[in-house]
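Structure data follow from work.txt (compact mmCIF, N, CA and C atoms):
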```txt
# COMPACT_ATOMS: atom_id res chain seq x y z
N HIS A 1 108.47 92.91 102.46
CA HIS A 1 108.47 93.56 103.77
C HIS A 1 107.40 92.91 104.61
N PRO A 2 107.68 92.62 105.88
CA PRO A 2 106.70 91.92 106.71
C PRO A 2 105.40 92.69 106.94
N HIS A 3 105.43 94.00 106.77
CA HIS A 3 104.23 94.80 107.00
C HIS A 3 103.62 95.33 105.69
N ALA A 4 104.09 94.83 104.57
CA ALA A 4 103.67 95.38 103.27
C ALA A 4 102.18 95.25 103.03
N LEU A 5 101.60 94.11 103.34
CA LEU A 5 100.17 93.91 103.07
C LEU A 5 99.31 94.87 103.88
N HIS A 6 99.63 95.04 105.15
CA HIS A 6 98.85 95.96 105.98
C HIS A 6 99.05 97.41 105.55
N ALA A 7 100.29 97.77 105.19
CA ALA A 7 100.56 99.13 104.73
C ALA A 7 99.80 99.40 103.43
N ALA A 8 99.81 98.43 102.53
CA ALA A 8 99.07 98.58 101.28
C ALA A 8 97.57 98.69 101.55
N GLY A 9 97.08 97.94 102.51
CA GLY A 9 95.67 98.03 102.88
C GLY A 9 95.31 99.42 103.38
N LEU A 10 96.20 99.99 104.18
CA LEU A 10 95.95 101.35 104.67
C LEU A 10 95.91 102.34 103.50
N ALA A 11 96.82 102.17 102.55
CA ALA A 11 96.82 103.05 101.37
C ALA A 11 95.53 102.91 100.58
N GLU A 12 95.03 101.70 100.45
CA GLU A 12 93.76 101.48 99.74
C GLU A 12 92.60 102.15 100.48
N ALA A 13 92.59 102.03 101.79
CA ALA A 13 91.53 102.68 102.58
C ALA A 13 91.62 104.19 102.42
N ALA A 14 92.83 104.73 102.41
CA ALA A 14 93.01 106.17 102.23
C ALA A 14 92.54 106.60 100.85
N ALA A 15 92.76 105.76 99.86
CA ALA A 15 92.32 106.08 98.49
C ALA A 15 90.81 106.27 98.44
N GLU A 16 90.10 105.51 99.23
CA GLU A 16 88.64 105.61 99.22
C GLU A 16 88.13 106.96 99.73
N ILE A 17 88.98 107.69 100.46
CA ILE A 17 88.57 109.03 100.91
C ILE A 17 89.40 110.11 100.22
N GLY A 18 90.04 109.73 99.10
CA GLY A 18 90.80 110.71 98.33
C GLY A 18 92.13 111.10 98.94
N ARG A 19 92.70 110.24 99.75
CA ARG A 19 93.96 110.57 100.44
C ARG A 19 95.08 109.59 100.13
N PHE A 20 95.01 108.92 98.98
CA PHE A 20 96.04 107.93 98.64
C PHE A 20 97.44 108.53 98.67
N TRP A 21 97.63 109.65 97.99
CA TRP A 21 98.97 110.22 97.90
C TRP A 21 99.48 110.72 99.24
N ASP A 22 98.56 111.16 100.10
CA ASP A 22 98.97 111.52 101.45
C ASP A 22 99.45 110.28 102.21
N ALA A 23 98.72 109.18 102.04
CA ALA A 23 99.12 107.92 102.68
C ALA A 23 100.45 107.44 102.10
N HIS A 24 100.59 107.54 100.80
CA HIS A 24 101.83 107.14 100.15
C HIS A 24 103.01 107.87 100.77
N ARG A 25 102.88 109.17 100.92
CA ARG A 25 103.96 109.97 101.49
C ARG A 25 104.27 109.55 102.92
N ILE A 26 103.23 109.39 103.73
CA ILE A 26 103.44 108.99 105.13
C ILE A 26 104.14 107.63 105.20
N LEU A 27 103.67 106.67 104.41
CA LEU A 27 104.25 105.33 104.44
C LEU A 27 105.69 105.34 103.93
N TYR A 28 105.93 106.08 102.89
CA TYR A 28 107.28 106.15 102.32
C TYR A 28 108.24 106.82 103.30
N ASP A 29 107.78 107.90 103.92
CA ASP A 29 108.64 108.62 104.87
C ASP A 29 108.87 107.84 106.17
N ASN A 30 108.05 106.85 106.43
CA ASN A 30 108.13 106.10 107.69
C ASN A 30 108.31 104.61 107.45
N GLN A 31 109.12 104.25 106.48
CA GLN A 31 109.33 102.84 106.14
C GLN A 31 109.88 102.04 107.32
N HIS A 32 110.51 102.70 108.24
CA HIS A 32 111.08 102.04 109.41
C HIS A 32 110.02 101.73 110.47
N ALA A 33 108.82 102.28 110.32
CA ALA A 33 107.77 102.12 111.34
C ALA A 33 106.44 101.82 110.65
N LEU A 34 106.24 100.54 110.32
CA LEU A 34 105.02 100.15 109.61
C LEU A 34 104.27 99.03 110.33
N ASP A 35 104.50 98.87 111.62
CA ASP A 35 103.74 97.88 112.35
C ASP A 35 102.30 98.37 112.51
N ASP A 36 101.41 97.51 112.97
CA ASP A 36 100.00 97.88 113.05
C ASP A 36 99.75 99.08 113.95
N ARG A 37 100.51 99.20 115.02
CA ARG A 37 100.34 100.37 115.91
C ARG A 37 100.62 101.66 115.16
N ALA A 38 101.72 101.68 114.41
CA ALA A 38 102.07 102.86 113.63
C ALA A 38 101.04 103.10 112.53
N LEU A 39 100.59 102.05 111.88
CA LEU A 39 99.61 102.21 110.80
C LEU A 39 98.30 102.79 111.33
N ARG A 40 97.91 102.39 112.52
CA ARG A 40 96.69 102.97 113.13
C ARG A 40 96.88 104.47 113.35
N ALA A 41 98.05 104.86 113.80
CA ALA A 41 98.33 106.29 114.01
C ALA A 41 98.30 107.04 112.68
N TYR A 42 98.87 106.45 111.64
CA TYR A 42 98.84 107.10 110.32
C TYR A 42 97.41 107.22 109.82
N GLY A 43 96.61 106.20 110.09
CA GLY A 43 95.21 106.24 109.69
C GLY A 43 94.48 107.41 110.35
N ARG A 44 94.75 107.63 111.62
CA ARG A 44 94.14 108.77 112.32
C ARG A 44 94.59 110.08 111.68
N ARG A 45 95.90 110.19 111.38
CA ARG A 45 96.42 111.41 110.74
C ARG A 45 95.75 111.65 109.39
N LEU A 46 95.40 110.59 108.71
CA LEU A 46 94.77 110.70 107.39
C LEU A 46 93.27 110.99 107.47
N GLY A 47 92.72 110.88 108.67
CA GLY A 47 91.29 111.11 108.84
C GLY A 47 90.43 109.88 108.58
N LEU A 48 91.05 108.71 108.61
CA LEU A 48 90.29 107.48 108.42
C LEU A 48 89.56 107.10 109.70
N ALA A 49 88.34 106.62 109.56
CA ALA A 49 87.61 106.11 110.71
C ALA A 49 88.34 104.87 111.22
N SER A 50 88.31 104.64 112.51
CA SER A 50 89.01 103.48 113.08
C SER A 50 88.50 102.17 112.48
N GLU A 51 87.20 102.13 112.15
CA GLU A 51 86.65 100.92 111.53
C GLU A 51 87.27 100.67 110.16
N ALA A 52 87.52 101.73 109.42
CA ALA A 52 88.14 101.61 108.09
C ALA A 52 89.57 101.10 108.22
N VAL A 53 90.29 101.59 109.23
CA VAL A 53 91.66 101.13 109.45
C VAL A 53 91.67 99.66 109.84
N GLU A 54 90.77 99.27 110.72
CA GLU A 54 90.72 97.87 111.14
C GLU A 54 90.34 96.94 109.98
N ARG A 55 89.44 97.38 109.12
CA ARG A 55 89.13 96.58 107.91
C ARG A 55 90.37 96.43 107.04
N ALA A 56 91.10 97.53 106.87
CA ALA A 56 92.31 97.50 106.05
C ALA A 56 93.34 96.55 106.63
N LEU A 57 93.55 96.61 107.94
CA LEU A 57 94.52 95.73 108.59
C LEU A 57 94.04 94.29 108.65
N GLY A 58 92.74 94.12 108.57
CA GLY A 58 92.15 92.78 108.63
C GLY A 58 92.07 92.07 107.29
N GLY A 59 92.58 92.70 106.24
CA GLY A 59 92.63 92.02 104.95
C GLY A 59 91.52 92.36 103.98
N HIS A 60 90.75 93.40 104.28
CA HIS A 60 89.64 93.77 103.41
C HIS A 60 90.07 94.00 101.96
N TYR A 61 91.28 94.50 101.76
CA TYR A 61 91.76 94.83 100.41
C TYR A 61 92.74 93.79 99.86
N ALA A 62 92.90 92.67 100.56
CA ALA A 62 93.92 91.69 100.20
C ALA A 62 93.79 91.19 98.76
N ALA A 63 92.59 90.92 98.30
CA ALA A 63 92.42 90.41 96.93
C ALA A 63 92.85 91.45 95.91
N ARG A 64 92.48 92.70 96.12
CA ARG A 64 92.86 93.78 95.21
C ARG A 64 94.38 93.96 95.19
N ILE A 65 94.98 93.92 96.36
CA ILE A 65 96.43 94.08 96.48
C ILE A 65 97.14 92.93 95.78
N GLU A 66 96.66 91.72 95.97
CA GLU A 66 97.26 90.55 95.31
C GLU A 66 97.16 90.67 93.80
N LEU A 67 96.01 91.12 93.29
CA LEU A 67 95.83 91.32 91.85
C LEU A 67 96.82 92.36 91.33
N ASP A 68 96.97 93.47 92.03
CA ASP A 68 97.94 94.49 91.63
C ASP A 68 99.36 93.96 91.66
N PHE A 69 99.68 93.17 92.69
CA PHE A 69 101.01 92.59 92.82
C PHE A 69 101.31 91.67 91.64
N ARG A 70 100.37 90.78 91.33
CA ARG A 70 100.57 89.85 90.21
C ARG A 70 100.68 90.60 88.89
N SER A 71 99.90 91.64 88.72
CA SER A 71 99.98 92.45 87.51
C SER A 71 101.35 93.08 87.37
N GLY A 72 101.88 93.56 88.47
CA GLY A 72 103.22 94.14 88.45
C GLY A 72 104.28 93.12 88.06
N ILE A 73 104.20 91.94 88.64
CA ILE A 73 105.16 90.87 88.32
C ILE A 73 105.09 90.54 86.84
N GLU A 74 103.87 90.40 86.32
CA GLU A 74 103.69 90.09 84.90
C GLU A 74 104.19 91.20 83.99
N SER A 75 104.21 92.42 84.50
CA SER A 75 104.68 93.56 83.71
C SER A 75 106.19 93.76 83.80
N GLY A 76 106.85 92.98 84.65
CA GLY A 76 108.29 93.09 84.77
C GLY A 76 108.77 93.86 85.99
N VAL A 77 107.89 94.18 86.90
CA VAL A 77 108.30 94.86 88.13
C VAL A 77 109.02 93.85 89.01
N ASN A 78 110.25 94.17 89.39
CA ASN A 78 111.00 93.27 90.26
C ASN A 78 111.55 93.98 91.49
N ALA A 79 111.22 95.25 91.64
CA ALA A 79 111.64 96.03 92.79
C ALA A 79 110.80 97.30 92.82
N THR A 80 110.83 97.99 93.94
CA THR A 80 110.17 99.28 94.01
C THR A 80 111.19 100.34 94.38
N PRO A 81 111.10 101.48 93.78
CA PRO A 81 110.18 101.78 92.69
C PRO A 81 110.69 101.21 91.36
N THR A 82 109.77 100.95 90.46
CA THR A 82 110.09 100.55 89.10
C THR A 82 109.49 101.61 88.18
N LEU A 83 110.26 102.02 87.23
CA LEU A 83 109.84 103.10 86.33
C LEU A 83 109.65 102.55 84.92
N PHE A 84 108.54 102.90 84.31
CA PHE A 84 108.26 102.54 82.93
C PHE A 84 108.16 103.81 82.10
N ILE A 85 108.74 103.78 80.91
CA ILE A 85 108.64 104.89 79.97
C ILE A 85 108.07 104.33 78.68
N ASN A 86 106.91 104.83 78.30
CA ASN A 86 106.21 104.34 77.10
C ASN A 86 106.04 102.83 77.14
N GLY A 87 105.73 102.28 78.31
CA GLY A 87 105.46 100.86 78.45
C GLY A 87 106.68 99.98 78.61
N ALA A 88 107.87 100.53 78.54
CA ALA A 88 109.10 99.74 78.69
C ALA A 88 109.76 100.06 80.03
N ARG A 89 110.18 99.01 80.73
CA ARG A 89 110.84 99.22 82.01
C ARG A 89 112.16 99.95 81.80
N HIS A 90 112.37 100.98 82.61
CA HIS A 90 113.60 101.76 82.54
C HIS A 90 114.53 101.28 83.64
N ASP A 91 115.66 100.69 83.24
CA ASP A 91 116.64 100.21 84.21
C ASP A 91 117.88 101.09 84.28
N GLY A 92 117.85 102.19 83.54
CA GLY A 92 119.00 103.08 83.50
C GLY A 92 119.05 104.03 84.68
N ARG A 93 119.88 105.02 84.52
CA ARG A 93 120.07 106.03 85.56
C ARG A 93 118.76 106.76 85.83
N ARG A 94 118.58 107.15 87.08
CA ARG A 94 117.35 107.84 87.47
C ARG A 94 117.60 109.28 87.87
N ASP A 95 118.76 109.79 87.55
CA ASP A 95 119.00 111.20 87.79
C ASP A 95 118.44 112.00 86.61
N LEU A 96 118.48 113.31 86.70
CA LEU A 96 117.89 114.16 85.68
C LEU A 96 118.46 113.86 84.29
N LYS A 97 119.76 113.74 84.20
CA LYS A 97 120.41 113.50 82.91
C LYS A 97 119.99 112.15 82.32
N GLY A 98 119.97 111.12 83.14
CA GLY A 98 119.60 109.78 82.68
C GLY A 98 118.14 109.70 82.25
N LEU A 99 117.25 110.30 83.03
CA LEU A 99 115.82 110.29 82.69
C LEU A 99 115.56 111.13 81.45
N HIS A 100 116.24 112.25 81.34
CA HIS A 100 116.07 113.10 80.16
C HIS A 100 116.46 112.33 78.90
N ALA A 101 117.59 111.66 78.95
CA ALA A 101 118.05 110.86 77.81
C ALA A 101 117.07 109.75 77.47
N ALA A 102 116.54 109.08 78.51
CA ALA A 102 115.58 108.00 78.27
C ALA A 102 114.29 108.52 77.66
N LEU A 103 113.83 109.67 78.12
CA LEU A 103 112.61 110.25 77.56
C LEU A 103 112.83 110.68 76.10
N LEU A 104 113.98 111.25 75.81
CA LEU A 104 114.28 111.63 74.42
C LEU A 104 114.32 110.40 73.54
N ALA A 105 114.97 109.34 74.01
CA ALA A 105 115.07 108.11 73.23
C ALA A 105 113.69 107.49 73.02
N ALA A 106 112.85 107.54 74.02
CA ALA A 106 111.51 106.95 73.92
C ALA A 106 110.65 107.74 72.94
N GLY A 107 110.92 109.04 72.80
CA GLY A 107 110.13 109.89 71.92
C GLY A 107 110.60 109.92 70.48
N GLU A 108 111.76 109.34 70.21
CA GLU A 108 112.28 109.35 68.84
C GLU A 108 111.33 108.62 67.90
N GLY A 109 111.10 109.20 66.77
CA GLY A 109 110.26 108.57 65.75
C GLY A 109 108.78 108.79 65.96
N GLN A 110 108.42 109.50 67.03
CA GLN A 110 107.00 109.78 67.25
C GLN A 110 106.66 111.15 66.70
N VAL A 111 105.45 111.28 66.25
CA VAL A 111 104.99 112.55 65.67
C VAL A 111 104.47 113.44 66.78
```

Let me see the file written as structure tokens.
Amino acid sequence: HPHALHAAGLAEAAAEIGRFWDAHRILYDNQHALDDRALRAYGRRLGLASEAVERALGGHYAARIELDFRSGIESGVNATPTLFINGARHDGRRDLKGLHAALLAAGEGQV
């Protein structure tokens, strides 16, 4: 996504004030509007100082984001969202029945 790095930076800045999941929700719900203008508005809604938002958009978290991205690729992430169960990528159904079956299968043989 052309705005992925800046959106991820905003999420990292939000994490520093304990608002990562709030940022996650805002970004996910507004995938159609992730340009810098929109991200600045989301930052205000999250209670981020304007300086923190500008640092995020300016690449302050780029190295951390790149490390996370590479880690995901090495782990087998090829799309978002990617789901892992007991360390194995789950490519099956993601409805209740499919996830329930996958969780039961992953738990077989465990005490």

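Contact shell of Arg19 in chain A at 9 Å (only C-alpha atoms; same-chain neighbours under 5 positions omitted): Ala11, Ala13, Ala14, His24, Leu46 and Gly47 of chain A.
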
Dump N, CA and C atoms for the selected residues as a CSV table (one decimal), in the coordinates of the input?
```
chain,number,residue,atom,x,y,z
A,11,ALA,N,96.8,102.2,102.6
A,11,ALA,CA,96.8,103.0,101.4
A,11,ALA,C,95.5,102.9,100.6
A,13,ALA,N,92.6,102.0,101.8
A,13,ALA,CA,91.5,102.7,102.6
A,13,ALA,C,91.6,104.2,102.4
A,14,ALA,N,92.8,104.7,102.4
A,14,ALA,CA,93.0,106.2,102.2
A,14,ALA,C,92.5,106.6,100.8
A,24,HIS,N,100.6,107.5,100.8
A,24,HIS,CA,101.8,107.1,100.2
A,24,HIS,C,103.0,107.9,100.8
A,46,LEU,N,95.4,110.6,108.7
A,46,LEU,CA,94.8,110.7,107.4
A,46,LEU,C,93.3,111.0,107.5
A,47,GLY,N,92.7,110.9,108.7
A,47,GLY,CA,91.3,111.1,108.8
A,47,GLY,C,90.4,109.9,108.6
```

Residue among A:Leu99, A:Leu10, A:Leu67, A:Leu27 lying closest to Arg55 in chain A, counting only C-alpha atoms:
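The shortest atom-to-atom distance to Arg55 in chain A comes from A:Leu10.
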
Give me, please, the distance in Å between atom N of Glu12 in chain A and atom C of Glu66 in chain A, quoted to one decimal.
13.1 Å

Which residue is closest to Thr80 in chain A? Choose from A:Arg40, A:Tyr28, A:Gly98, A:Ala49 and count only C-alpha atoms.
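Using only C-alpha atoms, Thr80 in chain A sits closest to A:Tyr28.
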
So how far away is CA of Ala105 in chain A from CA of Ser75 in chain A, in Å?
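Separation of CA of Ser75 in chain A and CA of Ala105 in chain A: 20.7 Å.
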
Name the residues of chain A that fall into helix (DSSP H, G or I) according to DSSP on the backbone, using the chain letters and numbers of this document, as number ranges by chain.
A: 4-15, 20-29, 36-46, 50-57, 62-75, 96-107

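Put simply, CA of Ala101 in chain A is 24.8 Å away from CA of Gly72 in chain A.
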
Quick one: residues within 10 Å of His60 in chain A, only C-alpha atoms counted, chain neighbours fewer than 3 positions away excluded, as a ChimeraX atom specification?
/A:6,9-10,12-13,52-57,63-65

Report the residues of range 2-111 of chain A whose backbone DSSP state falls under strand (DSSP E), written as an NGL selection string.
:A and (83-85 or 88-90)

Kindly write range 80-96 of chain A with N, CA, C and O atoms to a file, as a short mmCIF file (atom, residue, chain, number, x, y, z; two decimals), in the first residue's frame.
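Output contents, as saved in result.cif:
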```
data_model
loop_
_atom_site.label_atom_id
_atom_site.label_comp_id
_atom_site.auth_asym_id
_atom_site.auth_seq_id
_atom_site.Cartn_x
_atom_site.Cartn_y
_atom_site.Cartn_z
N THR A 80 -1.91 -9.82 4.64
CA THR A 80 -2.49 -9.46 5.92
C THR A 80 -4.00 -9.56 5.83
O THR A 80 -4.56 -9.20 4.79
N PRO A 81 -4.63 -10.05 6.84
CA PRO A 81 -3.98 -10.62 8.02
C PRO A 81 -3.49 -12.04 7.74
O PRO A 81 -3.99 -12.73 6.86
N THR A 82 -2.48 -12.46 8.49
CA THR A 82 -1.99 -13.83 8.46
C THR A 82 -2.15 -14.38 9.86
O THR A 82 -1.82 -13.71 10.83
N LEU A 83 -2.65 -15.57 9.95
CA LEU A 83 -2.95 -16.18 11.24
C LEU A 83 -2.02 -17.37 11.47
O LEU A 83 -1.85 -18.21 10.59
N PHE A 84 -1.43 -17.43 12.65
CA PHE A 84 -0.60 -18.55 13.05
C PHE A 84 -1.25 -19.24 14.24
O PHE A 84 -1.74 -18.58 15.15
N ILE A 85 -1.23 -20.56 14.22
CA ILE A 85 -1.73 -21.35 15.35
C ILE A 85 -0.61 -22.27 15.78
O ILE A 85 -0.12 -23.08 15.00
N ASN A 86 -0.17 -22.10 17.02
CA ASN A 86 0.97 -22.87 17.55
C ASN A 86 2.18 -22.78 16.65
O ASN A 86 2.88 -23.76 16.41
N GLY A 87 2.43 -21.60 16.10
CA GLY A 87 3.62 -21.36 15.28
C GLY A 87 3.50 -21.76 13.83
O GLY A 87 4.42 -21.54 13.05
N ALA A 88 2.38 -22.35 13.42
CA ALA A 88 2.19 -22.76 12.03
C ALA A 88 1.18 -21.84 11.36
O ALA A 88 0.13 -21.54 11.93
N ARG A 89 1.50 -21.40 10.15
CA ARG A 89 0.58 -20.54 9.42
C ARG A 89 -0.70 -21.30 9.09
O ARG A 89 -0.66 -22.43 8.63
N HIS A 90 -1.82 -20.65 9.38
CA HIS A 90 -3.13 -21.25 9.10
C HIS A 90 -3.65 -20.67 7.79
O HIS A 90 -3.90 -19.46 7.68
N ASP A 91 -3.78 -21.53 6.78
CA ASP A 91 -4.28 -21.09 5.48
C ASP A 91 -5.70 -21.57 5.22
O ASP A 91 -6.23 -21.35 4.14
N GLY A 92 -6.29 -22.20 6.22
CA GLY A 92 -7.64 -22.74 6.06
C GLY A 92 -8.72 -21.69 6.26
O GLY A 92 -8.45 -20.48 6.32
N ARG A 93 -9.91 -22.19 6.43
CA ARG A 93 -11.07 -21.33 6.63
C ARG A 93 -10.91 -20.50 7.90
O ARG A 93 -10.36 -20.97 8.89
N ARG A 94 -11.44 -19.29 7.87
CA ARG A 94 -11.33 -18.40 9.02
C ARG A 94 -12.66 -18.13 9.68
O ARG A 94 -12.79 -17.22 10.49
N ASP A 95 -13.65 -18.93 9.36
CA ASP A 95 -14.92 -18.80 10.06
C ASP A 95 -14.84 -19.61 11.35
O ASP A 95 -13.84 -20.27 11.63
N LEU A 96 -15.86 -19.53 12.17
CA LEU A 96 -15.85 -20.19 13.47
C LEU A 96 -15.57 -21.68 13.35
O LEU A 96 -14.73 -22.24 14.08
#
```
